[in-house]
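Enquirer: Below you'll find protein24.txt; it's compact mmCIF, C-alpha atoms and all ligand atoms.
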```
# COMPACT_ATOMS: atom_id res chain seq x y z
CA MET A 23 0.00 0.00 0.00
CA GLU A 24 1.57 3.26 -1.08
CA ASN A 25 1.40 5.75 1.78
CA ALA A 26 -1.49 4.35 3.80
CA LEU A 27 -1.00 7.06 6.41
CA PHE A 28 -1.54 9.85 3.85
CA GLU A 29 -4.64 8.10 2.55
CA TYR A 30 -6.04 7.73 6.06
CA LEU A 31 -5.37 11.39 6.87
CA LEU A 32 -7.34 12.38 3.77
CA ARG A 33 -10.29 10.29 4.97
CA LEU A 34 -10.16 11.94 8.37
CA GLY A 35 -9.57 15.46 7.03
CA ASP A 36 -12.09 15.28 4.19
CA ASP A 37 -14.87 14.19 6.58
CA SER A 38 -14.11 17.29 8.67
CA LEU A 39 -13.77 19.67 5.73
CA ILE A 40 -16.87 18.61 3.80
CA LEU A 41 -19.15 18.44 6.84
CA GLY A 42 -17.70 21.74 8.05
CA HIS A 43 -18.55 23.28 4.67
CA ARG A 44 -22.08 21.85 4.72
CA LEU A 45 -22.67 23.32 8.19
CA SER A 46 -21.31 26.70 7.08
CA GLU A 47 -24.18 26.83 4.56
CA TRP A 48 -26.48 27.40 7.56
CA CYS A 49 -24.81 30.74 8.33
CA GLY A 50 -27.65 33.28 8.32
CA HIS A 51 -30.31 30.58 7.70
CA GLY A 52 -30.62 28.86 11.12
CA PRO A 53 -34.14 28.15 12.43
CA VAL A 54 -33.35 30.34 15.48
CA LEU A 55 -30.39 32.61 16.13
CA GLU A 56 -28.90 30.30 18.79
CA GLU A 57 -28.84 27.35 16.38
CA ASP A 58 -27.45 29.49 13.57
CA ILE A 59 -24.53 30.28 15.88
CA ALA A 60 -24.29 26.68 17.14
CA LEU A 61 -24.08 25.14 13.65
CA THR A 62 -21.46 27.64 12.49
CA ASN A 63 -19.46 27.01 15.69
CA LEU A 64 -19.46 23.28 14.85
CA SER A 65 -18.38 24.21 11.35
CA LEU A 66 -15.48 26.26 12.70
CA ASP A 67 -14.29 23.38 14.90
CA LEU A 68 -14.46 20.94 11.98
CA ILE A 69 -12.65 23.21 9.54
CA GLY A 70 -10.02 23.86 12.25
CA GLN A 71 -9.54 20.11 12.67
CA ALA A 72 -9.26 19.72 8.89
CA THR A 73 -6.53 22.39 8.83
CA SER A 74 -4.39 20.49 11.37
CA ILE A 75 -4.99 17.17 9.61
CA PHE A 76 -4.17 18.49 6.11
CA ASP A 77 -1.09 20.33 7.37
CA TYR A 78 0.20 17.00 8.67
CA ALA A 79 -0.99 15.08 5.57
CA GLY A 80 1.03 17.43 3.36
CA LYS A 81 4.17 16.68 5.38
CA VAL A 82 3.50 12.93 5.31
CA GLU A 83 3.02 13.01 1.53
CA GLY A 84 6.27 14.93 1.14
CA LYS A 85 5.40 16.67 -2.13
CA GLY A 86 5.26 20.15 -0.65
CA ARG A 87 1.47 20.47 -0.63
CA SER A 88 0.07 22.80 2.03
CA GLU A 89 -3.22 22.43 3.92
CA ASP A 90 -4.77 24.92 1.49
CA ASP A 91 -3.53 22.97 -1.55
CA LEU A 92 -5.17 19.84 -0.18
CA ALA A 93 -8.43 21.59 0.68
CA PHE A 94 -8.83 23.67 -2.47
CA LEU A 95 -6.88 22.09 -5.31
CA ARG A 96 -7.95 18.48 -5.61
CA PHE A 97 -10.58 17.03 -7.95
CA ASP A 98 -13.69 15.20 -6.75
CA LYS A 99 -12.23 11.70 -7.16
CA ASP A 100 -9.34 12.67 -4.87
CA TYR A 101 -11.67 13.37 -1.94
CA ARG A 102 -12.10 10.52 0.54
CA ASN A 103 -15.00 11.70 2.72
CA LEU A 104 -18.00 9.57 3.66
CA LEU A 105 -21.02 10.02 1.39
CA LEU A 106 -22.97 10.80 4.58
CA VAL A 107 -21.23 14.15 5.13
CA GLU A 108 -21.86 15.40 1.59
CA ARG A 109 -25.64 14.86 1.88
CA PRO A 110 -27.51 18.16 1.48
CA ASN A 111 -28.73 20.05 4.59
CA VAL A 112 -32.41 19.86 3.46
CA ASP A 113 -33.88 21.02 6.80
CA PHE A 114 -32.79 21.29 10.43
CA GLY A 115 -33.95 17.72 11.16
CA VAL A 116 -31.85 16.19 8.36
CA THR A 117 -28.84 18.32 9.35
CA ILE A 118 -29.14 17.23 13.01
CA MET A 119 -29.58 13.53 12.15
CA ARG A 120 -26.55 13.63 9.79
CA GLN A 121 -24.54 15.31 12.54
CA PHE A 122 -25.66 12.81 15.16
CA LEU A 123 -24.76 9.70 13.10
CA PHE A 124 -21.36 11.29 12.43
CA ASP A 125 -20.64 12.52 16.00
CA ALA A 126 -21.57 9.10 17.41
CA TYR A 127 -18.69 7.75 15.29
CA ARG A 128 -16.14 10.50 15.80
CA LYS A 129 -16.24 10.55 19.60
CA PRO A 130 -15.32 6.86 20.05
CA LEU A 131 -12.92 7.18 17.10
CA PHE A 132 -10.97 10.03 18.70
CA GLU A 133 -11.05 8.21 22.05
CA ARG A 134 -9.09 5.46 20.30
CA LEU A 135 -6.81 7.66 18.19
CA VAL A 136 -5.60 9.38 21.37
CA HIS A 137 -3.59 6.15 21.84
CA SER A 138 -2.21 6.09 18.29
CA SER A 139 1.46 5.19 17.86
CA ASP A 140 1.61 8.25 15.59
CA GLU A 141 2.21 11.22 17.91
CA MET A 142 0.68 13.80 15.60
CA ILE A 143 -2.54 11.81 15.14
CA ALA A 144 -2.71 11.34 18.92
CA ALA A 145 -2.30 15.10 19.45
CA ILE A 146 -4.95 16.03 16.86
CA ALA A 147 -7.31 13.44 18.38
CA ALA A 148 -6.85 14.72 21.94
CA LYS A 149 -7.62 18.25 20.80
CA SER A 150 -10.59 17.25 18.63
CA LEU A 151 -12.08 14.91 21.24
CA LYS A 152 -12.82 17.80 23.61
CA GLU A 153 -14.77 19.56 20.86
CA THR A 154 -16.47 16.40 19.59
CA LYS A 155 -17.92 15.58 23.03
CA TYR A 156 -19.68 18.89 22.86
CA HIS A 157 -20.91 18.25 19.30
CA LEU A 158 -22.31 14.84 20.21
CA ARG A 159 -24.17 16.23 23.18
CA HIS A 160 -25.67 18.99 21.04
CA SER A 161 -26.80 16.66 18.24
CA SER A 162 -28.05 13.95 20.67
CA GLU A 163 -30.16 16.39 22.65
CA TRP A 164 -31.73 17.74 19.47
CA VAL A 165 -32.48 14.25 18.10
CA ILE A 166 -34.31 13.51 21.36
CA ARG A 167 -36.17 16.85 21.41
CA LEU A 168 -37.31 16.53 17.82
CA GLY A 169 -38.09 12.79 17.96
CA ASP A 170 -39.96 13.00 21.26
CA GLY A 171 -41.47 16.40 20.37
CA THR A 172 -44.52 17.19 18.27
CA GLU A 173 -46.04 14.91 15.63
CA GLU A 174 -44.57 17.14 12.93
CA SER A 175 -41.03 17.19 14.40
CA HIS A 176 -41.18 13.43 15.06
CA ASN A 177 -42.22 12.64 11.49
CA ARG A 178 -39.59 14.88 9.98
CA ILE A 179 -36.66 13.53 11.99
CA GLN A 180 -37.90 9.96 11.39
CA ASP A 181 -37.89 10.74 7.64
CA ALA A 182 -34.35 12.08 8.04
CA LEU A 183 -33.25 8.83 9.71
CA ASN A 184 -34.94 6.74 6.97
CA GLU A 185 -33.15 8.75 4.29
CA LEU A 186 -29.68 8.81 5.90
CA TRP A 187 -29.54 5.28 7.32
CA LYS A 188 -28.25 3.74 4.08
CA TYR A 189 -25.19 6.02 4.26
CA ALA A 190 -24.32 5.11 7.85
CA ALA A 191 -22.79 1.71 7.09
CA GLU A 192 -19.93 3.33 5.17
CA ILE A 193 -18.63 4.71 8.47
CA PHE A 194 -17.23 1.22 9.11
CA TYR A 195 -15.80 0.65 5.63
CA GLU A 196 -12.33 -0.87 5.88
CA ASP A 197 -9.69 -1.86 3.36
CA ALA A 198 -5.92 -2.36 3.04
CA VAL A 199 -5.30 1.17 4.38
CA ASP A 200 -6.87 0.32 7.74
CA ALA A 201 -5.22 -3.11 7.84
CA GLU A 202 -1.76 -1.62 7.41
CA LEU A 203 -2.30 1.11 9.99
CA LYS A 204 -3.75 -1.36 12.48
CA ALA A 205 -0.69 -3.57 12.06
CA ASN A 206 1.68 -0.74 13.01
CA GLY A 207 -0.42 0.66 15.86
CA VAL A 208 -1.42 3.92 14.15
CA LEU A 209 -5.01 2.68 14.48
CA PRO A 210 -5.19 1.04 17.91
CA ASP A 211 -8.02 -1.19 19.14
CA MET A 212 -10.63 -0.42 16.48
CA ASP A 213 -12.58 -3.67 16.91
CA SER A 214 -15.16 -2.32 19.32
CA LEU A 215 -15.68 0.98 17.45
CA LYS A 216 -18.82 -0.26 15.71
CA SER A 217 -20.33 -1.61 18.93
CA ASP A 218 -19.64 1.72 20.68
CA TRP A 219 -21.40 3.52 17.82
CA ASP A 220 -24.32 1.06 18.00
CA THR A 221 -24.67 1.66 21.74
CA ILE A 222 -24.80 5.45 21.40
CA VAL A 223 -27.11 5.39 18.37
CA HIS A 224 -29.57 2.87 19.82
CA ALA A 225 -29.76 4.59 23.22
CA VAL A 226 -30.46 8.04 21.74
CA LEU A 227 -32.88 6.85 19.04
CA GLU A 228 -34.82 4.86 21.62
CA GLU A 229 -35.06 7.87 23.94
CA ALA A 230 -36.18 9.89 20.91
CA THR A 231 -38.94 7.30 20.14
CA LEU A 232 -37.47 6.81 16.64
CA THR A 233 -37.36 3.53 14.71
CA ILE A 234 -34.33 2.27 12.80
CA PRO A 235 -35.44 1.43 9.24
CA ASP A 236 -35.61 -2.26 8.17
CA ASN A 237 -34.03 -1.47 4.84
CA ASN A 238 -30.46 -2.80 4.86
CA TRP A 239 -29.40 -1.30 1.53
CA LYS A 240 -25.94 0.25 1.88
CA GLN A 241 -24.64 3.09 -0.20
CA GLU A 242 -20.87 3.56 -0.19
CA GLY A 243 -17.98 4.77 -2.33
CA GLY A 244 -16.69 7.96 -0.72
CA ARG A 245 -13.66 6.30 0.84
CA LYS A 246 -12.60 5.21 -2.67
CA GLY A 247 -13.30 8.59 -4.25
CA LEU A 248 -16.64 7.62 -5.81
CA HIS A 249 -19.02 10.37 -4.77
CA THR A 250 -22.63 11.39 -5.26
CA GLU A 251 -23.45 14.32 -7.53
CA HIS A 252 -23.56 16.60 -4.48
CA LEU A 253 -19.81 16.74 -3.92
CA GLY A 254 -19.25 18.47 -7.26
CA PHE A 255 -21.55 21.33 -6.25
CA ILE A 256 -19.80 21.65 -2.88
CA LEU A 257 -16.38 21.80 -4.54
CA ALA A 258 -17.58 24.34 -7.11
CA GLU A 259 -18.34 26.72 -4.26
CA LEU A 260 -15.44 25.73 -2.01
CA GLN A 261 -12.80 26.00 -4.72
CA TYR A 262 -14.17 28.86 -6.81
CA MET A 263 -11.77 31.57 -5.63
CA GLN A 264 -8.60 29.46 -5.94
CA ARG A 265 -9.63 28.19 -9.38
CA ALA A 266 -10.62 31.63 -10.69
CA TYR A 267 -7.67 33.48 -9.15
CA PRO A 268 -4.87 30.92 -8.61
CA ASN A 269 -2.71 31.59 -5.52
CA MET A 270 -4.87 34.49 -4.37
CA GLU A 271 -4.64 35.38 -0.68
CA TRP A 272 -6.56 37.69 1.60
CA MET B 25 19.92 42.34 22.46
CA VAL B 26 19.86 39.47 24.90
CA ALA B 27 16.97 39.32 27.36
CA THR B 28 16.35 36.84 30.15
CA LYS B 29 13.49 34.35 30.10
CA GLU B 30 11.76 36.26 32.92
CA GLU B 31 11.94 39.45 30.86
CA ILE B 32 10.43 37.69 27.83
CA TRP B 33 7.54 36.32 29.95
CA GLY B 34 7.04 39.88 31.19
CA TYR B 35 6.89 41.22 27.61
CA LEU B 36 4.36 38.53 26.69
CA GLU B 37 2.10 39.95 29.42
CA GLU B 38 1.66 42.89 27.04
CA VAL B 39 0.22 40.75 24.23
CA PHE B 40 -3.58 40.50 24.42
CA ASP B 41 -6.01 37.96 23.02
CA PRO B 42 -7.68 39.74 20.07
CA GLU B 43 -11.07 38.17 20.86
CA VAL B 44 -11.07 38.67 24.64
CA PRO B 45 -8.90 41.81 24.79
CA VAL B 46 -8.85 41.90 28.59
CA LEU B 47 -6.75 38.70 28.77
CA THR B 48 -3.08 38.44 27.91
CA VAL B 49 -1.81 35.37 26.07
CA VAL B 50 -0.12 34.40 29.36
CA ASP B 51 -3.39 34.69 31.37
CA LEU B 52 -5.11 32.54 28.76
CA GLY B 53 -2.50 29.78 29.09
CA VAL B 54 -1.81 29.88 25.35
CA VAL B 55 1.94 30.47 25.83
CA ARG B 56 3.40 27.13 26.86
CA ASN B 57 7.14 27.75 26.79
CA VAL B 58 9.90 30.27 26.17
CA GLU B 59 13.34 29.07 25.11
CA LEU B 60 16.50 31.06 24.60
CA ASP B 61 19.47 29.93 22.57
CA GLY B 62 22.03 32.72 22.20
CA ASP B 63 20.09 35.60 20.68
CA ALA B 64 17.37 33.29 19.32
CA CYS B 65 14.07 33.28 21.18
CA LYS B 66 11.49 30.53 20.60
CA VAL B 67 7.98 30.96 21.98
CA THR B 68 5.73 27.89 21.99
CA ILE B 69 1.97 28.46 21.83
CA THR B 70 -1.08 26.18 21.63
CA PRO B 71 -4.54 26.95 20.19
CA THR B 72 -7.61 27.16 22.43
CA TYR B 73 -10.03 25.56 19.90
CA SER B 74 -8.99 23.82 16.63
CA GLY B 75 -10.69 26.48 14.54
CA CYS B 76 -9.67 29.48 16.65
CA PRO B 77 -9.21 32.23 14.05
CA ALA B 78 -7.10 34.32 16.46
CA MET B 79 -4.00 32.09 16.46
CA LYS B 80 -2.30 33.66 13.43
CA ARG B 81 -2.93 37.11 14.86
CA ILE B 82 -1.53 36.07 18.26
CA GLU B 83 1.56 34.69 16.55
CA ASP B 84 2.13 37.96 14.66
CA ASP B 85 1.48 40.07 17.77
CA ILE B 86 4.05 38.10 19.79
CA VAL B 87 6.73 38.59 17.11
CA GLU B 88 5.88 42.28 16.74
CA ASN B 89 5.94 42.92 20.49
CA LEU B 90 9.26 41.17 21.06
CA ASN B 91 10.79 42.91 18.00
CA GLU B 92 9.79 46.25 19.52
CA LYS B 93 11.65 45.25 22.67
CA GLY B 94 14.78 44.78 20.57
CA ILE B 95 14.59 41.00 20.31
CA ASP B 96 14.97 40.43 16.57
CA ASN B 97 15.44 36.69 16.32
CA VAL B 98 11.98 35.43 17.32
CA SER B 99 10.21 32.28 16.21
CA VAL B 100 6.78 31.09 17.27
CA ASP B 101 6.07 27.38 17.34
CA LEU B 102 2.47 26.12 17.34
CA VAL B 103 1.94 22.79 19.13
CA LEU B 104 -1.27 20.78 19.60
CA ALA B 105 -0.20 18.58 22.53
CA PRO B 106 -0.93 18.71 25.34
CA ALA B 107 -4.33 20.06 24.32
CA TRP B 108 -5.38 23.39 25.84
CA THR B 109 -7.83 23.39 28.73
CA THR B 110 -9.54 26.21 30.64
CA ASP B 111 -7.75 24.82 33.73
CA TRP B 112 -4.73 26.75 32.42
CA LEU B 113 -6.51 30.08 32.71
CA SER B 114 -4.69 32.03 35.46
CA GLU B 115 -6.48 33.20 38.63
CA ASP B 116 -5.60 36.72 37.58
CA GLY B 117 -7.17 35.99 34.20
CA LYS B 118 -10.41 34.76 35.81
CA ARG B 119 -10.64 37.93 37.89
CA LYS B 120 -10.05 40.14 34.82
CA LEU B 121 -12.72 38.26 32.85
CA LYS B 122 -15.29 38.83 35.57
CA GLU B 123 -14.45 42.53 35.85
CA TYR B 124 -14.88 42.78 32.08
CA GLY B 125 -18.39 41.26 32.33
CA ILE B 126 -17.57 37.71 31.18
CA ALA B 127 -18.31 34.94 33.69
CA PRO B 128 -15.18 32.78 34.17
CA PRO B 129 -15.33 28.97 33.72
CA GLU B 130 -17.12 26.98 36.44
CA ASN B 131 -16.47 23.38 37.39
CA GLU B 132 -18.78 21.80 34.78
CA PRO B 133 -19.93 18.17 34.54
CA ASP B 134 -18.42 16.17 31.68
CA LYS B 135 -19.38 17.52 28.26
CA SER B 136 -20.64 14.14 27.08
CA VAL B 137 -23.44 13.90 29.68
CA LEU B 138 -26.81 14.42 27.98
CA PHE B 139 -29.23 16.89 29.55
CA ALA B 140 -26.76 17.31 32.43
CA ASP B 141 -28.03 19.09 35.55
CA PRO B 142 -27.52 22.79 35.02
CA PHE B 143 -24.65 24.18 37.07
CA VAL B 144 -24.60 27.68 38.51
CA VAL B 145 -22.93 30.46 36.56
CA PRO B 146 -23.13 33.56 38.78
CA CYS B 147 -23.93 36.89 37.12
CA PRO B 148 -20.67 38.84 36.64
CA LYS B 149 -22.54 42.15 37.25
CA CYS B 150 -24.69 41.54 40.37
CA GLU B 151 -23.33 38.17 41.61
CA ALA B 152 -26.84 36.63 41.59
CA LYS B 153 -26.85 32.85 41.22
CA ASP B 154 -30.24 32.89 39.47
CA THR B 155 -29.12 32.94 35.82
CA ARG B 156 -30.16 30.98 32.75
CA LEU B 157 -28.41 29.50 29.73
CA VAL B 158 -29.59 31.13 26.49
CA SER B 159 -27.30 29.17 24.15
CA GLN B 160 -24.42 26.69 24.54
CA PHE B 161 -22.72 28.48 21.68
CA GLY B 162 -21.87 32.15 21.89
CA SER B 163 -20.07 34.97 20.12
CA THR B 164 -16.82 32.97 19.87
CA ALA B 165 -15.97 29.25 20.12
CA CYS B 166 -14.92 29.65 23.77
CA LYS B 167 -18.12 31.28 25.05
CA ALA B 168 -21.75 30.43 25.86
CA HIS B 169 -24.56 32.96 26.16
CA TYR B 170 -26.38 33.54 29.49
CA GLN B 171 -28.84 35.96 31.03
CA CYS B 172 -29.22 37.04 34.67
CA ASN B 173 -32.78 36.55 35.99
CA VAL B 174 -32.25 39.18 38.71
CA CYS B 175 -30.66 42.21 37.00
CA LEU B 176 -31.62 40.94 33.49
CA GLU B 177 -28.10 41.55 32.16
CA PRO B 178 -27.27 39.32 29.18
CA PHE B 179 -23.67 38.09 29.49
CA ASP B 180 -21.03 35.81 28.02
CA TYR B 181 -19.78 32.77 29.93
CA PHE B 182 -16.26 31.53 29.20
CA LYS B 183 -17.11 27.85 29.07
CA CYS B 184 -15.12 25.08 30.65
CA LEU B 185 -13.06 22.96 28.22
CA ARG B 186 -11.38 19.83 29.50
ZN ZN C 301 -27.24 40.04 37.47
```
Please go through the file and, once you have read it, give me the structure as structure tokens.
Ligand SMILES: [Zn+2]
Expert:
Amino acid sequence: MENALFEYLLRLGDDSLILGHRLSEWCGHGPVLEEDIALTNLSLDLIGQATSIFDYAGKVEGKGRSEDDLAFLRFDKDYRNLLLVERPNVDFGVTIMRQFLFDAYRKPLFERLVHSSDEMIAAIAAKSLKETKYHLRHSSEWVIRLGDGTEESHNRIQDALNELWKYAAEIFYEDAVDAELKANGVLPDMDSLKSDWDTIVHAVLEEATLTIPDNNWKQEGGRKGLHTEHLGFILAELQYMQRAYPNMEW
Amino acid sequence: MVATKEEIWGYLEEVFDPEVPVLTVVDLGVVRNVELDGDACKVTITPTYSGCPAMKRIEDDIVENLNEKGIDNVSVDLVLAPAWTTDWLSEDGKRKLKEYGIAPPENEPDKSVLFADPFVVPCPKCEAKDTRLVSQFGSTACKAHYQCNVCLEPFDYFKCLR
């Protein structure tokens, strides 16, 4: 496997960048002012995490690419994010459910990466974990409020779960990249990650009176660079300035 | 010019956080180390939150301030570990925050506890303990938004990060 570490860092960083960008689309459009500020705060944390991850990825790759080069100057097939995080915002319910399914994965993930044999990954994980705890609490509390709320809010967040569930399985996609990094301790003790995610997800959905869909269809491809049509639109906006005015700074 | 470490720490007390301008970077616990090697001075800093937009500005301000003091050979190193915590906020810093109208961090329950029992954040204006959380997320990543039920003052709370 050529540079498994670089590949893994792209997966980690692209999840943060693309979800951070999606959340930034709420700026000025939140259902209430407090949630407008909350979603953009989450966005800021995620984009900050992406900056640290890409900075390190550029050094690992060793071709002189900066964090900005990696964020702004790749093509869609070079992005390694989960399909889940590129799903459109749609409404507050869909945005919260997407965030919850993701946070329920990132918290136990960072709890493990804190023990990585790679010092830089351990440092990024320790920093990000403090923020992610906060994110998971925010999204969990909203899933419960909306699910166990009015008939309208219940139906809408149940619809969101039905729509997003098929993208959740990709969270646990693994290939030769993971195998190599597990063998050298960069990814420590990942076996119980899925069961930790299951525990969080089931507990919160039950409290929220929501039902996990029967449909077991899985949609994946993001980790291999095969994206839905939505990523192209995200990149068009994200990369516009650097493509139109190469090397511009402000 | 060659300065001592103590002098450099003193100079850093003149560099303020651009987002909470009442706190110095030393009060905030963002400066982790100062090293001298001949005329070279290396200052190590750590970000508060991953996405804190003030870090670049803090870096520039540190270099500018030390240059003004005649220390020309300054480098600023950004490290992520150990990760910043509000436990590093100095006692002096907490007092200055309160005087400025921002409630300093309280001993909060773990962030991952759902619907945790609310803890008391006293009003920085009238000291009343009867206050309410308006939003977990405030004007910057490090603050939450509160209101006092007694004097009705809306205020920022510098939230606990551990
Ligand atoms: Zn008051």
Enquirer: Would you name the residues within 9 Å of ligand ZN 301 (chain C), counting all atoms listed in the file, and put them as number ranges by chain?
Expert: B: 146-155, 171-179
Enquirer: Counting only C-alpha atoms, select every polymer residue within 8 Å of (-24.4, 12.2, 5.7) as defined in the file's coordinates, and provide the selection as a list of chain:residue names.
Expert: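 Using only C-alpha atoms, the matching residues come out as A:Leu104, A:Leu105, A:Leu106, A:Val107, A:Glu108, A:Arg109, A:Pro110, A:Arg120, A:Gln121, A:Leu123, A:Phe124, A:Leu186, A:Tyr189, A:Ala190.
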Enquirer: Taking all atoms listed in the file into account, which residues of chain B are within 6 Å of chain A, as a VMD selection string?
Expert: chain B and resid 74 to 75 104 to 105 107 135 to 136 138 159 161
Enquirer: Out of A:Tyr195, A:Tyr78, A:Phe94, A:Phe114, which residue has the shortest atom-to-atom distance to Pro53 in chain A when counting only C-alpha atoms?
Expert: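 Among the listed residues, the smallest separation from Pro53 in chain A belongs to A:Phe114.
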Enquirer: When you count all atoms listed in the file, which of these residues is closest to Val199 in chain A: A:Trp164, A:Arg44, A:Lys246, A:Pro130?
Expert: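 That would be A:Lys246, the residue with the smallest distance to Val199 in chain A.
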Enquirer: Within 8 Å of Val103 in chain B, counting only C-alpha atoms, which residues qualify if same-chain residues fewer than 4 places away don't, as a ChimeraX atom specification?
Expert: /B:68-71
Enquirer: For CA of Gly247 in chain A and CA of Asp98 in chain A, quote the distance in Å rounded to one decimal.
Expert: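 Distance between the two atoms: 7.1 Å.
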Enquirer: For Arg134 in chain A, which residue among A:Asp211, A:Ala266, A:Phe255, A:Asp77 is the nearest when counting only C-alpha atoms?
Expert: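 Selected residue with least distance to Arg134 in chain A: A:Asp211.
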Enquirer: For Ser175 in chain A, which residue out of A:Leu232, A:Ala225, A:Met212, A:Ile40 is the nearest one, using all atoms listed in the file?
Expert: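 Ranked by minimum distance to Ser175 in chain A, first place goes to A:Leu232.
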Enquirer: Neighbouring residues of Ala198 in chain A were defined as those with any atom within 12 Å, considering all atoms listed in the file; residues of the same chain fewer than 5 positions away were excluded. Please report them as a list in words.
Expert: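 My list of contacting residues is Met23, Glu24, Asn25, Ala26, Leu27, Glu29, Tyr30, Leu203, Lys204, Ala205, Arg245 and Lys246 of chain A.
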Enquirer: In Å to one decimal, how far is CA of Thr231 in chain A from CA of Asn111 in chain A?
Expert: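 Spanning CA of Asn111 in chain A to CA of Thr231 in chain A is a straight-line distance of 22.6 Å.
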Enquirer: Just give me the gap between CA of Asn131 in chain B and CA of Val165 in chain A in Å, one decimal is fine.
Expert: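 Between CA of Asn131 in chain B and CA of Val165 in chain A the gap works out to 26.7 Å.
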Enquirer: I'd like to know which of B:Val100, B:Ala140, B:Ala168, B:Cys76 is closest to Pro42 in chain B, using only C-alpha atoms.
Expert: B:Cys76
Enquirer: Residues near Asp101 in chain B, anyone? I mean within 12 Å using all atoms listed in the file, not counting same-chain ones fewer than 6 positions away, as a VMD selection string.
Expert: chain B and resid 54 to 59 65 to 71 79 to 80 82 to 84 86 to 87
Enquirer: Would you list the contacts of Glu31 in chain B as a ChimeraX atom specification, taking every protein, DNA or RNA residue within 12 Å and counting only C-alpha atoms, but skipping same-chain residues closer than 4 positions in sequence?
Expert: /B:25-27,35-38,58-60,65,90,93-95
Enquirer: Show me, as a PyMOL selection string, the residues that have an atom within 10 Å of Pro142 in chain B when counting all atoms listed in the file, minus same-chain residues fewer than 4 positions from it.
Expert: chain B and resi 132-133+156-157
Enquirer: Taking all heavy atoms as the atom set, what does range 159-163 of chain A look like once completed, written as a PDB file, keeping the file's coordinate frame?
Expert:
```
ATOM      1  N   ARG A 159     -23.111  15.889  22.239  1.00  0.00           N
ATOM      2  CA  ARG A 159     -24.170  16.230  23.180  1.00  0.00           C
ATOM      3  C   ARG A 159     -25.221  17.107  22.504  1.00  0.00           C
ATOM      4  O   ARG A 159     -26.420  16.893  22.659  1.00  0.00           O
ATOM      5  CB  ARG A 159     -23.604  16.943  24.415  1.00  0.00           C
ATOM      6  CG  ARG A 159     -24.721  17.196  25.417  1.00  0.00           C
ATOM      7  CD  ARG A 159     -24.209  17.729  26.728  1.00  0.00           C
ATOM      8  NE  ARG A 159     -23.900  19.134  26.631  1.00  0.00           N
ATOM      9  CZ  ARG A 159     -23.409  19.859  27.640  1.00  0.00           C
ATOM     10  NH1 ARG A 159     -23.149  19.280  28.788  1.00  0.00           N
ATOM     11  NH2 ARG A 159     -23.167  21.127  27.488  1.00  0.00           N
ATOM     12  N   HIS A 160     -24.753  18.076  21.733  1.00  0.00           N
ATOM     13  CA  HIS A 160     -25.670  18.990  21.040  1.00  0.00           C
ATOM     14  C   HIS A 160     -26.577  18.228  20.079  1.00  0.00           C
ATOM     15  O   HIS A 160     -27.799  18.359  20.098  1.00  0.00           O
ATOM     16  CB  HIS A 160     -24.848  20.053  20.297  1.00  0.00           C
ATOM     17  CG  HIS A 160     -25.649  20.962  19.425  1.00  0.00           C
ATOM     18  ND1 HIS A 160     -25.720  20.806  18.056  1.00  0.00           N
ATOM     19  CD2 HIS A 160     -26.437  22.022  19.715  1.00  0.00           C
ATOM     20  CE1 HIS A 160     -26.504  21.749  17.556  1.00  0.00           C
ATOM     21  NE2 HIS A 160     -26.952  22.502  18.531  1.00  0.00           N
ATOM     22  N   SER A 161     -25.977  17.358  19.236  1.00  0.00           N
ATOM     23  CA  SER A 161     -26.800  16.660  18.240  1.00  0.00           C
ATOM     24  C   SER A 161     -27.717  15.635  18.917  1.00  0.00           C
ATOM     25  O   SER A 161     -28.875  15.478  18.540  1.00  0.00           O
ATOM     26  CB  SER A 161     -25.939  16.021  17.143  1.00  0.00           C
ATOM     27  OG  SER A 161     -24.985  15.136  17.681  1.00  0.00           O
ATOM     28  N   SER A 162     -27.221  14.938  19.978  1.00  0.00           N
ATOM     29  CA  SER A 162     -28.050  13.950  20.670  1.00  0.00           C
ATOM     30  C   SER A 162     -29.272  14.608  21.308  1.00  0.00           C
ATOM     31  O   SER A 162     -30.389  14.107  21.205  1.00  0.00           O
ATOM     32  CB  SER A 162     -27.268  13.247  21.790  1.00  0.00           C
ATOM     33  OG  SER A 162     -26.159  12.587  21.266  1.00  0.00           O
ATOM     34  N   GLU A 163     -29.047  15.723  21.976  1.00  0.00           N
ATOM     35  CA  GLU A 163     -30.160  16.390  22.650  1.00  0.00           C
ATOM     36  C   GLU A 163     -31.218  16.854  21.653  1.00  0.00           C
ATOM     37  O   GLU A 163     -32.415  16.763  21.911  1.00  0.00           O
ATOM     38  CB  GLU A 163     -29.643  17.569  23.494  1.00  0.00           C
ATOM     39  CG  GLU A 163     -28.867  17.090  24.714  1.00  0.00           C
ATOM     40  CD  GLU A 163     -28.366  18.199  25.642  1.00  0.00           C
ATOM     41  OE1 GLU A 163     -28.488  19.398  25.292  1.00  0.00           O
ATOM     42  OE2 GLU A 163     -27.828  17.859  26.704  1.00  0.00           O
TER      43      GLU A 163
END
```
